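Heads up, the thing below is written out as structure tokens.
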Amino acid sequence: MSAYWLEIIVLLGGLILLLVEAFLAPKQKHMIASSAIFILVLTLICLFLVQPFNVDNEEMTRFYAWDPTAKFFKGFTIVATILTMLLALDYRRILSKFTANPDSEDGTGEYYCLFLFACAGMMWMASAKDLVSLFVALELTTITSYILVGFMRRNVGSLEAGVKFLILGALSTGFLVYGISWIYGATGTTDLALIGDQITKENSTYLLFGLSLVLISLAFKVGAVPMHLWIPDVYQGAPTPTTAFLSIASKASGFVIAIRVIEPFITDELIGSKVVTILAVLAGATILLGNLAAIPQTNFKRLLAYSSIANAGFILLPMAAWDAGNDLSSKEVVAFYLAIYLIMTFAAFFILAVIHRNTGSDEISAFEGLGDRHPALAFMTAVIIGALAGLPLTAGFWGKFLAFKMAVTGGLWVPVVLGFIGVTAGFYYYFQIIRAMYWRNSLEEAPLKIRPLSFWVIVVLTALVIVLGLWPQPVYWLIGA
């Protein structure tokens with residue numbers, strides 16, 4: 001089985017489900033999500049059956065890479081989409097309330113199909129080795145994301161988020177196309193494997209300018225400074241499953257294409273040091289802004305939004321250091337961090353969905369008294385919050401530790417200092433949630449209701465956070481380190 005069949009399976013599955021959805025009764029729309037999960041699980045199994053390309057197949061290998069990086073991020077995207085589907089199943093009543101027919105689930109079936117299209121685009125991005133194929137895959141994902149963000153058309157916040165996301169997304173696309181034009185004009189090729197050989201002293205300035213434009217566009221994708229402005233409002237206004245998907249799967253796909261684009265430039269002797277400087281500045285500014293801006297937040301979604309910005313900065317640290325360490329490469333550290341981030345963040349969004357369904361609020365105040373209303377959920381929330389803050393003996397600690405270790409080895413002292421300031425601020429704003437759960441009383445005395453699906457997903461993800469905090473070796477095996 002050839003690797004490109006993975007994207008074909010997901011894409012065809014989405015198209016077929018979109019046709020089937022038109023003939024289903026409103027009360028059966030959730031079957032679309034269940035079928036989508038089945039398709040994704042099948043694709044995940046096929047991921048381990050893929051055969052390497054035939055070297056004679058030049059037309060495919062010209063645009064499509066199959067390597068450990070592509071394999072990991074394809075699997076990452078599939079798992080993230082499966083978890084998003086599970087979250088969407090738990091969220092479907094709220095989704096139906098703000099769509100076509102508030103009294104039924106009619107109009108929600110398309111929502112589940114859109115995630116398959118976005119997943120296919122992100123899987124393609126993981127294998128993109130040419131700037132043209134990268135752009136096409138990125139646009140498939142981005143256009144689908146516009147619809148997912150503004151899907152709750154009866155909700156003003158969702159519509160506002162969709163418009164903001166569309167405007168800034170179009171701006172970032174312009175930066176990307178203009179940057180690709182400069183790179184092509186300076187080298188005569190869009191093949192990332194050949195660009196490194198075309199770098200000369202004469203065209204290095206043009207290439208740096210073109211790369212800077214591309215990096216600005218990719219900063220929008222990963223939520224880094226200076227293209228971070230959309231994240232708080234979009235995260236707060238979008239449906240919770242969409243927010244989780246953007247926070248994790250979209251961010252990971254942005255970093256994998258950033259790795260592929262940056263590699264030929266950062267390894268070049270002429271401009272490599274300048275690229276390191278650009279990435280170090282982006283990392284330091286993103287960490288500082290994300291963490292400090294999260295301190296005054298009172299809405300849990302907005303807090304996770306600024307946390308997402310801060311984590312983008314931490315992931316940029318090993319990219320700026322670029323293989324400075326001896327144990328792990330920058331690609332492996334980024335993959336490790338994202339794998340841990342997926343577990344922690346999805347757990348946080350599942351917890352948020354439970355709180356919102358019971359209280360109708362996304363505010364941090366909605367967590368007040370959770371220790372009395374549901375001790376088990378409060379404990380799991382405390383573990384997840386501690387992991388997001390980077391508390392030792394949790395999985396979140398290892399991600400930040402490896403990022404800092406590589407940055408220190410690479411001599412990036414200013415971003416490291418800013419990183420420590422960010423971690424300190426993170427402990428403050430994360431632990432205000434724990435304070436709300438255990439040190440404040442809730443106005444509601446009724447026990448918290450939680451559905452079995454959400455409860456067991458949260459249990460599994462929390463257990464992984466604890467186990468991987470004590471024994472992170474499975475993640476090393478997963479990334480091939």
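Chain labels A, B, ... are given in the sequence in which chains occur in the structure tokens; within each chain residues are numbered consecutively from 1, and ligands are likewise numbered from 1 in the order shown.
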
_Among range 65-142 of chain A, which ones does DSSP assign to alpha helix (DSSP H) (computed from the backbone)? Answer as JSON, numbers by chain._
{"A": [68, 69, 70, 71, 72, 73, 74, 75, 76, 77, 78, 79, 80, 81, 82, 83, 84, 85, 86, 87, 88, 89, 90, 91, 92, 93, 94, 95, 96, 97, 109, 110, 111, 112, 113, 114, 115, 116, 117, 118, 119, 120, 121, 122, 123, 124, 125, 126, 127, 131, 132, 133, 134, 135, 136, 137, 138, 139, 140, 141, 142]}

| Near range 103-115 of chain A, counting only C-alpha atoms, which residues have an atom at most 9 Å away, once you skip same-chain residues fewer than 6 positions from it, shown as JSON, numbers by chain? | {"A": [13, 14, 15, 17, 18, 21, 22, 24, 25, 26, 27, 28, 29, 30, 31, 32, 33, 36, 81, 84, 85, 88, 92, 93, 95, 96, 97, 144, 145, 147, 148, 151, 242, 245]}

Can I get the selection written as an mmCIF file, in the first residue's frame, with C-alpha atoms?
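This is the output file part_26.cif:
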```cif
data_model
loop_
_atom_site.group_PDB
_atom_site.id
_atom_site.type_symbol
_atom_site.label_atom_id
_atom_site.label_comp_id
_atom_site.auth_asym_id
_atom_site.auth_seq_id
_atom_site.Cartn_x
_atom_site.Cartn_y
_atom_site.Cartn_z
ATOM 1 C CA GLY A 13 -14.522 8.885 3.487
ATOM 2 C CA GLY A 14 -15.426 12.512 4.097
ATOM 3 C CA LEU A 15 -17.089 12.845 0.681
ATOM 4 C CA LEU A 17 -20.270 10.621 4.590
ATOM 5 C CA LEU A 18 -21.248 14.040 3.285
ATOM 6 C CA GLU A 21 -25.670 12.680 5.687
ATOM 7 C CA ALA A 22 -28.257 14.132 3.341
ATOM 8 C CA LEU A 24 -30.181 10.540 7.474
ATOM 9 C CA ALA A 25 -32.889 11.540 9.908
ATOM 10 C CA PRO A 26 -31.990 14.395 12.289
ATOM 11 C CA LYS A 27 -31.747 12.022 15.246
ATOM 12 C CA GLN A 28 -29.223 9.860 13.370
ATOM 13 C CA LYS A 29 -26.680 12.586 12.544
ATOM 14 C CA HIS A 30 -24.384 11.343 15.302
ATOM 15 C CA MET A 31 -23.815 8.229 13.167
ATOM 16 C CA ILE A 32 -21.743 10.417 10.848
ATOM 17 C CA ALA A 33 -19.309 11.092 13.695
ATOM 18 C CA ALA A 36 -15.830 9.130 10.735
ATOM 19 C CA THR A 81 -9.048 14.094 14.877
ATOM 20 C CA THR A 84 -11.979 15.760 18.370
ATOM 21 C CA MET A 85 -14.789 13.546 17.057
ATOM 22 C CA ALA A 88 -17.908 16.616 19.198
ATOM 23 C CA ARG A 92 -23.573 17.822 19.829
ATOM 24 C CA ARG A 93 -26.547 19.152 21.819
ATOM 25 C CA LEU A 95 -23.893 22.458 18.555
ATOM 26 C CA SER A 96 -27.463 21.725 17.417
ATOM 27 C CA LYS A 97 -28.778 24.555 19.603
ATOM 28 C CA THR A 144 -12.150 24.087 6.116
ATOM 29 C CA SER A 145 -11.157 25.662 9.420
ATOM 30 C CA ILE A 147 -16.224 26.967 8.253
ATOM 31 C CA LEU A 148 -15.592 24.996 11.447
ATOM 32 C CA PHE A 151 -20.320 26.849 12.152
ATOM 33 C CA THR A 242 -13.111 23.211 16.834
ATOM 34 C CA PHE A 245 -8.691 20.836 16.932
#
```

Show which residues sit within 9 Å of range 347-354 of chain A, as a tab-separated table (two decimals) with N, CA and C atoms, in the first residue's frame. Count only C-alpha atoms, and ignore same-chain residues fewer than 6 positions away.
```
chain	number	residue	atom	x	y	z
A	87	LEU	N	-15.05	14.35	21.27
A	87	LEU	CA	-15.47	15.57	21.94
A	87	LEU	C	-16.71	16.17	21.27
A	90	ASP	N	-19.90	14.48	22.31
A	90	ASP	CA	-20.34	14.92	23.63
A	90	ASP	C	-20.89	16.35	23.59
A	91	TYR	N	-20.53	17.08	22.54
A	91	TYR	CA	-20.89	18.51	22.43
A	91	TYR	C	-22.09	18.73	21.51
A	240	THR	N	-16.30	24.30	21.01
A	240	THR	CA	-15.20	23.72	21.77
A	240	THR	C	-14.42	22.65	21.00
A	241	PRO	N	-15.09	21.72	20.26
A	241	PRO	CA	-14.30	20.75	19.49
A	241	PRO	C	-13.41	21.42	18.43
A	243	THR	N	-12.13	24.45	18.67
A	243	THR	CA	-11.03	25.07	19.41
A	243	THR	C	-9.96	24.05	19.75
A	244	ALA	N	-10.38	22.87	20.21
A	244	ALA	CA	-9.41	21.82	20.54
A	244	ALA	C	-8.64	21.40	19.30
A	300	PHE	N	-11.83	30.42	30.89
A	300	PHE	CA	-10.94	29.27	30.75
A	300	PHE	C	-10.51	29.06	29.30
A	301	LYS	N	-11.41	29.32	28.36
A	301	LYS	CA	-11.04	29.18	26.95
A	301	LYS	C	-9.97	30.18	26.55
A	304	LEU	N	-6.67	29.10	27.97
A	304	LEU	CA	-6.06	28.06	27.14
A	304	LEU	C	-5.53	28.64	25.83
A	362	ASP	N	-18.02	29.10	30.50
A	362	ASP	CA	-16.62	28.76	30.28
A	362	ASP	C	-15.70	29.53	31.22
A	377	LEU	N	-13.31	14.22	39.38
A	377	LEU	CA	-13.04	15.14	38.27
A	377	LEU	C	-12.12	16.27	38.72
A	380	MET	N	-8.55	14.92	38.74
A	380	MET	CA	-8.01	14.79	37.38
A	380	MET	C	-7.72	16.16	36.77
A	381	THR	N	-8.59	17.13	37.06
A	381	THR	CA	-8.34	18.49	36.58
A	381	THR	C	-7.06	19.06	37.17
A	384	ILE	N	-4.09	17.56	35.34
A	384	ILE	CA	-3.92	18.12	34.00
A	384	ILE	C	-3.39	19.55	34.07
A	385	ILE	N	-3.92	20.34	35.00
A	385	ILE	CA	-3.45	21.71	35.15
A	385	ILE	C	-1.98	21.74	35.58
A	448	LEU	N	-22.23	17.15	40.17
A	448	LEU	CA	-21.94	17.40	38.76
A	448	LEU	C	-22.25	16.14	37.95
A	449	LYS	N	-22.94	16.30	36.84
A	449	LYS	CA	-23.26	15.16	35.97
A	449	LYS	C	-22.24	15.08	34.85
A	450	ILE	N	-21.73	13.88	34.63
A	450	ILE	CA	-20.74	13.67	33.59
A	450	ILE	C	-21.05	12.39	32.85
A	451	ARG	N	-21.06	12.46	31.53
A	451	ARG	CA	-21.40	11.30	30.73
A	451	ARG	C	-20.25	10.29	30.72
A	454	SER	N	-17.22	10.96	28.19
A	454	SER	CA	-16.28	12.00	28.61
A	454	SER	C	-15.47	11.55	29.82
A	455	PHE	N	-16.13	10.92	30.77
A	455	PHE	CA	-15.45	10.52	32.00
A	455	PHE	C	-14.29	9.57	31.70
A	457	VAL	N	-12.71	9.04	28.83
A	457	VAL	CA	-11.66	9.70	28.04
A	457	VAL	C	-10.75	10.51	28.96
A	458	ILE	N	-11.36	11.26	29.88
A	458	ILE	CA	-10.57	12.06	30.83
A	458	ILE	C	-9.72	11.16	31.72
A	459	VAL	N	-10.28	10.03	32.17
A	459	VAL	CA	-9.53	9.09	33.01
A	459	VAL	C	-8.30	8.57	32.26
A	460	VAL	N	-8.50	8.15	31.01
A	460	VAL	CA	-7.38	7.60	30.22
A	460	VAL	C	-6.30	8.66	29.98
A	461	LEU	N	-6.71	9.86	29.61
A	461	LEU	CA	-5.74	10.91	29.33
A	461	LEU	C	-4.99	11.33	30.59
A	462	THR	N	-5.69	11.40	31.72
A	462	THR	CA	-5.03	11.74	32.99
A	462	THR	C	-4.05	10.65	33.39
```

I'd like the contact shell of Leu213 in chain A - 12 Å cut-off, only C-alpha atoms, skipping same-chain residues fewer than 3 positions apart - returned as a tab-separated table (two decimals) with C-alpha atoms, in the first residue's frame.
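Here's the written file result_9.tsv:
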```tsv
chain	number	residue	atom	x	y	z
A	171	LEU	CA	-3.61	38.10	5.27
A	172	SER	CA	-1.30	35.24	6.27
A	173	THR	CA	-1.96	33.51	2.94
A	174	GLY	CA	-0.83	36.65	1.18
A	175	PHE	CA	2.42	36.64	3.17
A	176	LEU	CA	2.94	32.97	2.28
A	177	VAL	CA	2.40	33.40	-1.45
A	178	TYR	CA	4.61	36.49	-1.58
A	179	GLY	CA	7.34	34.69	0.38
A	180	ILE	CA	7.20	31.66	-1.91
A	181	SER	CA	7.50	34.02	-4.91
A	182	TRP	CA	10.67	35.56	-3.49
A	183	ILE	CA	12.21	32.18	-2.74
A	206	TYR	CA	16.46	37.87	-1.09
A	207	LEU	CA	16.08	34.40	0.41
A	208	LEU	CA	16.07	35.74	3.97
A	209	PHE	CA	13.36	38.22	3.02
A	210	GLY	CA	11.28	35.49	1.38
A	216	ILE	CA	5.12	35.26	9.36
A	217	SER	CA	2.48	33.15	7.63
A	218	LEU	CA	3.48	30.02	9.57
A	219	ALA	CA	3.37	32.06	12.79
A	220	PHE	CA	-0.35	32.48	12.09
A	226	PRO	CA	3.35	38.51	15.64
A	227	MET	CA	0.39	36.59	14.11
A	261	VAL	CA	10.73	24.90	5.24
A	278	ILE	CA	14.93	35.12	13.85
```

* To do: Write out as a list in words which residues come within 10 Å of Ser329 in chain A when counting only C-alpha atoms, dropping same-chain ones fewer than 6 positions away.
  => Pro318, Met319, Ala321, Trp322, Asp323, Ala335, Met406 and Ala481 of chain A

Export C-alpha atoms of the chosen residues as a CSV table (one decimal), in the first residue's frame?
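The resulting again_19.csv:
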```csv
chain,number,residue,atom,x,y,z
A,318,PRO,CA,14.4,23.5,20.0
A,319,MET,CA,13.8,24.7,16.4
A,321,ALA,CA,18.7,25.6,18.7
A,322,TRP,CA,18.5,23.1,15.7
A,323,ASP,CA,20.2,19.9,16.7
A,335,ALA,CA,7.5,15.7,18.2
A,406,MET,CA,18.3,22.0,23.8
A,481,ALA,CA,14.3,8.3,19.3
```

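CA of Trp230 in chain A to CA of Gly290 in chain A spans 12.8 Å [interatomic distance, one decimal].
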